[in-house]
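Enquirer: This structure is in structure tokens; I'll ask about it shortly.
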Amino acid sequence: MPDFSDTLVDRLVEAGHVAVLTGAGISAESGIPTFRDPGGLWEEFDPQELANVEAFLDNPELVQGWYRHRREVVEDAAPNAGHHALADLEAHVPSMAVVTQNVDDLHNRAETSTVIELHGNITDNYCMDCERAVGAAAVDAAIQDGEPARCPDCGGLVRPDVVWFGEMLPPDAMEQADATTEQADVFLSVGTSAVVYPAARLPVAAREQGAYVAEVNPDTTGVTDDIHETIRGPAGDVLPALVDAVAARQRP
Ligand code: BV8
């Protein structure tokens with residue numbers, strides 16, 4: 001039985017609004033490699049080498065190929081008990097929002113109603129020049145022919161709809177993330193090492209405005225020393241148990 005405090009359950013039962021920040025760790029149990037863990041994405045590839053616009057312009061086929069590979073892994077994956085538990089938690093609190101750094105679409109596929117995608121979504125692609133959306137099939141077909149995928153309208157290079165290092169986050173997503181953090185009575189930080197900014201500043205911003213902040217992670221993170229509670233364990237075990245505890249407390 002994961003060891004979370006009665007205080008956390010109490011605060012969730014009393015909460016008017018709950019905000020949840022997620023990272024690659026919540027999708028690990030869906031078979032999607034995280035970034036920093038052993039065997040993670042960054043072990044094979046240096047992020048500076050692939051997840052930035054300079055690398056893309058230097059070698060579009062390499063970067064387009066890498067994202068197609070990751071998109072296929074995502075398409076073959078399914079939301080796990082952690083994703084589903086967050087979708088279930090929505091039914092037990094007046095309002096809630098999930099702020100995710102993940103580009104894997106799994107919170108949407110778990111039918112979580114309010115998902116704020118800070119770093120984009122790997123299932124979408126667009127033309128860097130005219131910004132029209134381009135279907136994944138067209139990208140795959142081009143890569144198949146060993147050509148970089150180009151826009152059928154203007155011939156511009158097609159890129160995944162994700163935020164690369166050195167790029168600004170979508171302003172509306174950042175505004176929504178700040179607003180939901182500002183309103184939160186409880187803030188959960190799940191499966192993130194909390195080292196990539198500006199996402200990593202949200203747990204501390206939540207604590208500073210008075211929220212009770214807890215993290216779910218088998219390991220220490222960049223915010224472990226700055227928050228109220230750390231629950232050591234995999235999200236797929238901890239979150240269902242936490243939602244069950246809230247539901248039990250709410251039952252007459
Ligand atoms: C920007 C999309 C304006 C693409 C990603 C302030 C200080 C220092 C640096 C900066 C700063 N401000 C800006 C920067 C630069 C940079 C940054 O933060 N660098 C870091 C490395 C220091 N930030 C940016 O460039 C951002 N843009 O700020 O623009 C600007 C520009 C230039 C200069 C100033 C300002 C853009 C950042 C977004 C980049 N795009 N992804 C893609 O996916 O390909 S980031 C990507 O990496 C993810 O989205 C995520 O954000 C991050 C990975 O972190 P996690 O998701 O937490 O994953 P990780 O593997 O690290 O950890 C997994 C955790 O899960 C672990 O703790 C593990 O223990 C745990 N775990 C494992 N299994 C489980 C589990 N937990 C629970 N259950 C389990 N089963």
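Going through the structure tokens in order, the chains are called A, B, and so on, while each chain numbers its residues from 1 and the ligands are numbered from 1 in the order shown.
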Using only C-alpha atoms and all ligand atoms, tabulate the residues of chain A lying at most 7 Å from any atom of ligand 1, each with its closest atom pair and that distance in Å to one decimal, by chain and increasing residue number, as a tab-separated table.
Expert:
residue	atom	partner	partner_atom_place_in_ligand_line	distance
A:Gly23	CA	ligand 1	56 (O)	3.4
A:Ala24	CA	ligand 1	56 (O)	3.8
A:Gly25	CA	ligand 1	65 (O)	3.3
A:Ile26	CA	ligand 1	78 (N)	5.0
A:Ala28	CA	ligand 1	80 (N)	5.3
A:Glu29	CA	ligand 1	80 (N)	5.4
A:Thr34	CA	ligand 1	60 (O)	4.1
A:Phe35	CA	ligand 1	60 (O)	3.3
A:Arg36	CA	ligand 1	60 (O)	3.8
A:Asp37	CA	ligand 1	60 (O)	5.5
A:Gly40	CA	ligand 1	60 (O)	6.7
A:Ala51	CA	ligand 1	44 (O)	5.1
A:Gln101	CA	ligand 1	49 (O)	4.2
A:Asn102	CA	ligand 1	49 (O)	5.1
A:Val103	CA	ligand 1	43 (O)	5.9
A:His119	CA	ligand 1	2 (C)	4.9
A:Gly120	CA	ligand 1	2 (C)	6.7
A:Val162	CA	ligand 1	2 (C)	5.2
A:Val163	CA	ligand 1	40 (N)	4.9
A:Trp164	CA	ligand 1	39 (C)	4.5
A:Phe165	CA	ligand 1	25 (O)	3.5
A:Gly166	CA	ligand 1	25 (O)	3.7
A:Glu167	CA	ligand 1	29 (O)	4.3
A:Met168	CA	ligand 1	29 (O)	3.9
A:Leu169	CA	ligand 1	27 (N)	6.2
A:Val190	CA	ligand 1	77 (C)	6.0
A:Gly191	CA	ligand 1	76 (N)	3.3
A:Thr192	CA	ligand 1	57 (O)	3.1
A:Ser193	CA	ligand 1	67 (O)	3.6
A:Ala194	CA	ligand 1	57 (O)	5.3
A:Val195	CA	ligand 1	22 (C)	5.7
A:Val196	CA	ligand 1	18 (O)	3.5
A:Tyr197	CA	ligand 1	18 (O)	3.7
A:Pro198	CA	ligand 1	12 (N)	5.8
A:Ala199	CA	ligand 1	51 (O)	6.9
A:Val216	CA	ligand 1	77 (C)	5.8
A:Asn217	CA	ligand 1	76 (N)	4.0
A:Pro218	CA	ligand 1	69 (O)	5.3
A:Asp219	CA	ligand 1	69 (O)	4.4
A:Thr220	CA	ligand 1	67 (O)	6.6
A:Thr221	CA	ligand 1	67 (O)	5.6
A:Gly233	CA	ligand 1	78 (N)	6.3
A:Pro234	CA	ligand 1	78 (N)	3.5
A:Ala235	CA	ligand 1	78 (N)	3.9
A:Gly236	CA	ligand 1	80 (N)	6.3
Enquirer: If you count only C-alpha atoms, which residues fall within 7 Å of Ala173 in chain A, apart from same-chain ones fewer than 6 positions away, as a ChimeraX atom specification?
Expert: /A:116-118
Enquirer: Please provide as a PDB file with all heavy atoms, in the first residue's frame all residues within 10 Å of Ala245 in chain A, with the sequence filter that same-chain residues fewer than 6 positions apart are discarded (counting only C-alpha atoms).
Expert:
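Wrote around_32.pdb, looks like this:
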ATOM      1  N   PHE A   4       0.977   7.355   1.461  1.00  0.00           N
ATOM      2  CA  PHE A   4       0.684   8.786   1.410  1.00  0.00           C
ATOM      3  C   PHE A   4      -0.037   9.166   2.705  1.00  0.00           C
ATOM      4  O   PHE A   4      -0.634   8.332   3.367  1.00  0.00           O
ATOM      5  CB  PHE A   4      -0.174   9.147   0.194  1.00  0.00           C
ATOM      6  CG  PHE A   4      -1.289   8.196  -0.086  1.00  0.00           C
ATOM      7  CD1 PHE A   4      -2.463   8.235   0.655  1.00  0.00           C
ATOM      8  CD2 PHE A   4      -1.171   7.255  -1.092  1.00  0.00           C
ATOM      9  CE1 PHE A   4      -3.489   7.341   0.404  1.00  0.00           C
ATOM     10  CE2 PHE A   4      -2.196   6.359  -1.359  1.00  0.00           C
ATOM     11  CZ  PHE A   4      -3.354   6.392  -0.604  1.00  0.00           C
ATOM     12  N   ASP A   6      -2.582  11.084   5.537  1.00  0.00           N
ATOM     13  CA  ASP A   6      -4.009  11.430   5.688  1.00  0.00           C
ATOM     14  C   ASP A   6      -4.210  12.890   5.319  1.00  0.00           C
ATOM     15  O   ASP A   6      -5.244  13.271   4.771  1.00  0.00           O
ATOM     16  CB  ASP A   6      -4.452  11.171   7.135  1.00  0.00           C
ATOM     17  CG  ASP A   6      -4.551   9.672   7.404  1.00  0.00           C
ATOM     18  OD1 ASP A   6      -4.588   8.914   6.395  1.00  0.00           O
ATOM     19  OD2 ASP A   6      -4.561   9.278   8.579  1.00  0.00           O
ATOM     20  N   LEU A   8      -2.818  14.540   2.916  1.00  0.00           N
ATOM     21  CA  LEU A   8      -3.025  14.669   1.463  1.00  0.00           C
ATOM     22  C   LEU A   8      -4.452  14.259   1.095  1.00  0.00           C
ATOM     23  O   LEU A   8      -5.129  14.962   0.334  1.00  0.00           O
ATOM     24  CB  LEU A   8      -2.021  13.812   0.698  1.00  0.00           C
ATOM     25  CG  LEU A   8      -2.183  13.747  -0.817  1.00  0.00           C
ATOM     26  CD1 LEU A   8      -2.139  15.134  -1.445  1.00  0.00           C
ATOM     27  CD2 LEU A   8      -1.131  12.826  -1.443  1.00  0.00           C
ATOM     28  N   VAL A   9      -4.927  13.159   1.649  1.00  0.00           N
ATOM     29  CA  VAL A   9      -6.302  12.716   1.345  1.00  0.00           C
ATOM     30  C   VAL A   9      -7.297  13.774   1.823  1.00  0.00           C
ATOM     31  O   VAL A   9      -8.201  14.172   1.080  1.00  0.00           O
ATOM     32  CB  VAL A   9      -6.587  11.347   1.996  1.00  0.00           C
ATOM     33  CG1 VAL A   9      -8.024  10.905   1.710  1.00  0.00           C
ATOM     34  CG2 VAL A   9      -5.600  10.293   1.494  1.00  0.00           C
ATOM     35  N   ASP A  10      -7.091  14.285   3.033  1.00  0.00           N
ATOM     36  CA  ASP A  10      -7.987  15.339   3.555  1.00  0.00           C
ATOM     37  C   ASP A  10      -8.007  16.543   2.619  1.00  0.00           C
ATOM     38  O   ASP A  10      -9.062  17.041   2.225  1.00  0.00           O
ATOM     39  CB  ASP A  10      -7.507  15.807   4.944  1.00  0.00           C
ATOM     40  CG  ASP A  10      -7.667  14.724   6.005  1.00  0.00           C
ATOM     41  OD1 ASP A  10      -8.391  13.745   5.712  1.00  0.00           O
ATOM     42  OD2 ASP A  10      -7.033  14.840   7.082  1.00  0.00           O
ATOM     43  N   LEU A  12      -7.284  16.728  -0.495  1.00  0.00           N
ATOM     44  CA  LEU A  12      -7.957  16.424  -1.780  1.00  0.00           C
ATOM     45  C   LEU A  12      -9.475  16.410  -1.602  1.00  0.00           C
ATOM     46  O   LEU A  12     -10.209  16.956  -2.425  1.00  0.00           O
ATOM     47  CB  LEU A  12      -7.458  15.076  -2.317  1.00  0.00           C
ATOM     48  CG  LEU A  12      -6.091  15.075  -2.991  1.00  0.00           C
ATOM     49  CD1 LEU A  12      -5.578  13.646  -3.203  1.00  0.00           C
ATOM     50  CD2 LEU A  12      -6.145  15.819  -4.329  1.00  0.00           C
ATOM     51  N   VAL A  13      -9.944  15.854  -0.479  1.00  0.00           N
ATOM     52  CA  VAL A  13     -11.398  15.795  -0.221  1.00  0.00           C
ATOM     53  C   VAL A  13     -11.969  17.203  -0.051  1.00  0.00           C
ATOM     54  O   VAL A  13     -13.060  17.515  -0.529  1.00  0.00           O
ATOM     55  CB  VAL A  13     -11.673  14.935   1.028  1.00  0.00           C
ATOM     56  CG1 VAL A  13     -13.117  15.076   1.489  1.00  0.00           C
ATOM     57  CG2 VAL A  13     -11.348  13.474   0.741  1.00  0.00           C
ATOM     58  N   LEU A 239      -1.292   6.343  -7.744  1.00  0.00           N
ATOM     59  CA  LEU A 239      -2.472   7.161  -8.065  1.00  0.00           C
ATOM     60  C   LEU A 239      -3.795   6.406  -7.895  1.00  0.00           C
ATOM     61  O   LEU A 239      -4.721   6.945  -7.280  1.00  0.00           O
ATOM     62  CB  LEU A 239      -2.331   7.742  -9.472  1.00  0.00           C
ATOM     63  CG  LEU A 239      -1.188   8.756  -9.654  1.00  0.00           C
ATOM     64  CD1 LEU A 239      -1.067   9.185 -11.104  1.00  0.00           C
ATOM     65  CD2 LEU A 239      -1.398   9.971  -8.748  1.00  0.00           C
TER      66      LEU A 239
END
Enquirer: Just the residues within 10 Å of Ser5 in chain A, please, counting only C-alpha atoms, with nothing from its chain fewer than 5 positions along; format it as a list in words.
Expert: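 These residues fall inside the cut-off: Asp10, Ala214, Glu229, Thr230, Ile231 and Leu242 of chain A.
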Enquirer: Enumerate as a PDB file with C-alpha atoms, in the first residue's frame all residues of range 97-223 of chain A assigned to strand (DSSP E or B) by DSSP on the backbone, naming them with the chain letters and numbers the document uses.
Expert:
ATOM      1  CA  ALA A  97      -6.542  20.230 -14.665  1.00  0.00           C
ATOM      2  CA  VAL A  98      -3.623  18.109 -15.859  1.00  0.00           C
ATOM      3  CA  VAL A  99      -0.600  20.099 -17.062  1.00  0.00           C
ATOM      4  CA  THR A 100       1.607  17.712 -19.037  1.00  0.00           C
ATOM      5  CA  VAL A 115      -5.322  18.514 -20.367  1.00  0.00           C
ATOM      6  CA  ILE A 116      -2.864  21.390 -20.926  1.00  0.00           C
ATOM      7  CA  GLU A 117      -0.082  20.243 -23.292  1.00  0.00           C
ATOM      8  CA  GLY A 120       2.950  19.990 -27.796  1.00  0.00           C
ATOM      9  CA  ASN A 121       1.738  16.665 -29.203  1.00  0.00           C
ATOM     10  CA  ILE A 122       3.866  14.259 -31.280  1.00  0.00           C
ATOM     11  CA  THR A 123       0.852  13.018 -33.279  1.00  0.00           C
ATOM     12  CA  ASP A 124       0.599  16.414 -35.024  1.00  0.00           C
ATOM     13  CA  ASN A 125       2.919  17.913 -37.666  1.00  0.00           C
ATOM     14  CA  TYR A 126       2.970  21.256 -39.496  1.00  0.00           C
ATOM     15  CA  CYS A 127       4.843  23.148 -42.195  1.00  0.00           C
ATOM     16  CA  ALA A 133      -1.064  21.027 -40.608  1.00  0.00           C
ATOM     17  CA  ARG A 150       7.859  18.724 -47.244  1.00  0.00           C
ATOM     18  CA  LEU A 157       9.942  21.497 -44.240  1.00  0.00           C
ATOM     19  CA  VAL A 158       7.413  19.631 -42.051  1.00  0.00           C
ATOM     20  CA  ARG A 159       8.142  19.428 -38.324  1.00  0.00           C
ATOM     21  CA  PRO A 160       6.433  17.717 -35.346  1.00  0.00           C
ATOM     22  CA  ASP A 161       4.109  20.005 -33.338  1.00  0.00           C
ATOM     23  CA  VAL A 162       6.299  19.841 -30.225  1.00  0.00           C
ATOM     24  CA  VAL A 186      -3.659  20.690  -4.004  1.00  0.00           C
ATOM     25  CA  PHE A 187      -0.853  20.332  -6.585  1.00  0.00           C
ATOM     26  CA  LEU A 188       0.434  16.883  -7.568  1.00  0.00           C
ATOM     27  CA  SER A 189       3.783  16.549  -9.417  1.00  0.00           C
ATOM     28  CA  VAL A 190       3.801  13.105 -11.018  1.00  0.00           C
ATOM     29  CA  TYR A 212      -0.501  21.524  -0.564  1.00  0.00           C
ATOM     30  CA  VAL A 213       2.135  20.073  -2.922  1.00  0.00           C
ATOM     31  CA  ALA A 214       2.979  16.383  -3.193  1.00  0.00           C
ATOM     32  CA  GLU A 215       5.076  14.476  -5.725  1.00  0.00           C
ATOM     33  CA  VAL A 216       4.748  10.884  -6.912  1.00  0.00           C
TER      34      VAL A 216
END
Enquirer: Apply DSSP to the backbone of this structure and, from range 2-246 of chain A, keep only the residues in alpha helix (DSSP H); write these as a VMD selection string.
Expert: chain A and resid 6 to 14 25 to 28 41 to 44 47 to 50 53 to 58 60 to 76 81 to 89 106 to 109 136 to 144 171 to 183 202 to 208 235 to 246
Enquirer: Interatomic distance between CA of Pro152 in chain A and CA of Glu61 in chain A?
Expert: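 One can read the CA of Pro152 in chain A to CA of Glu61 in chain A distance as 16.7 Å.
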Enquirer: Which is closer to Val93 in chain A than all the others in A:Val243, A:Glu72, A:Ala200, A:Val223, using only C-alpha atoms?
Expert: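 Smallest separation from Val93 in chain A among the options: A:Val243.
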Enquirer: Can you measure CA of Ser113 in chain A to CA of Arg68 in chain A for me? One decimal in Å is fine.
Expert: 26.8 Å
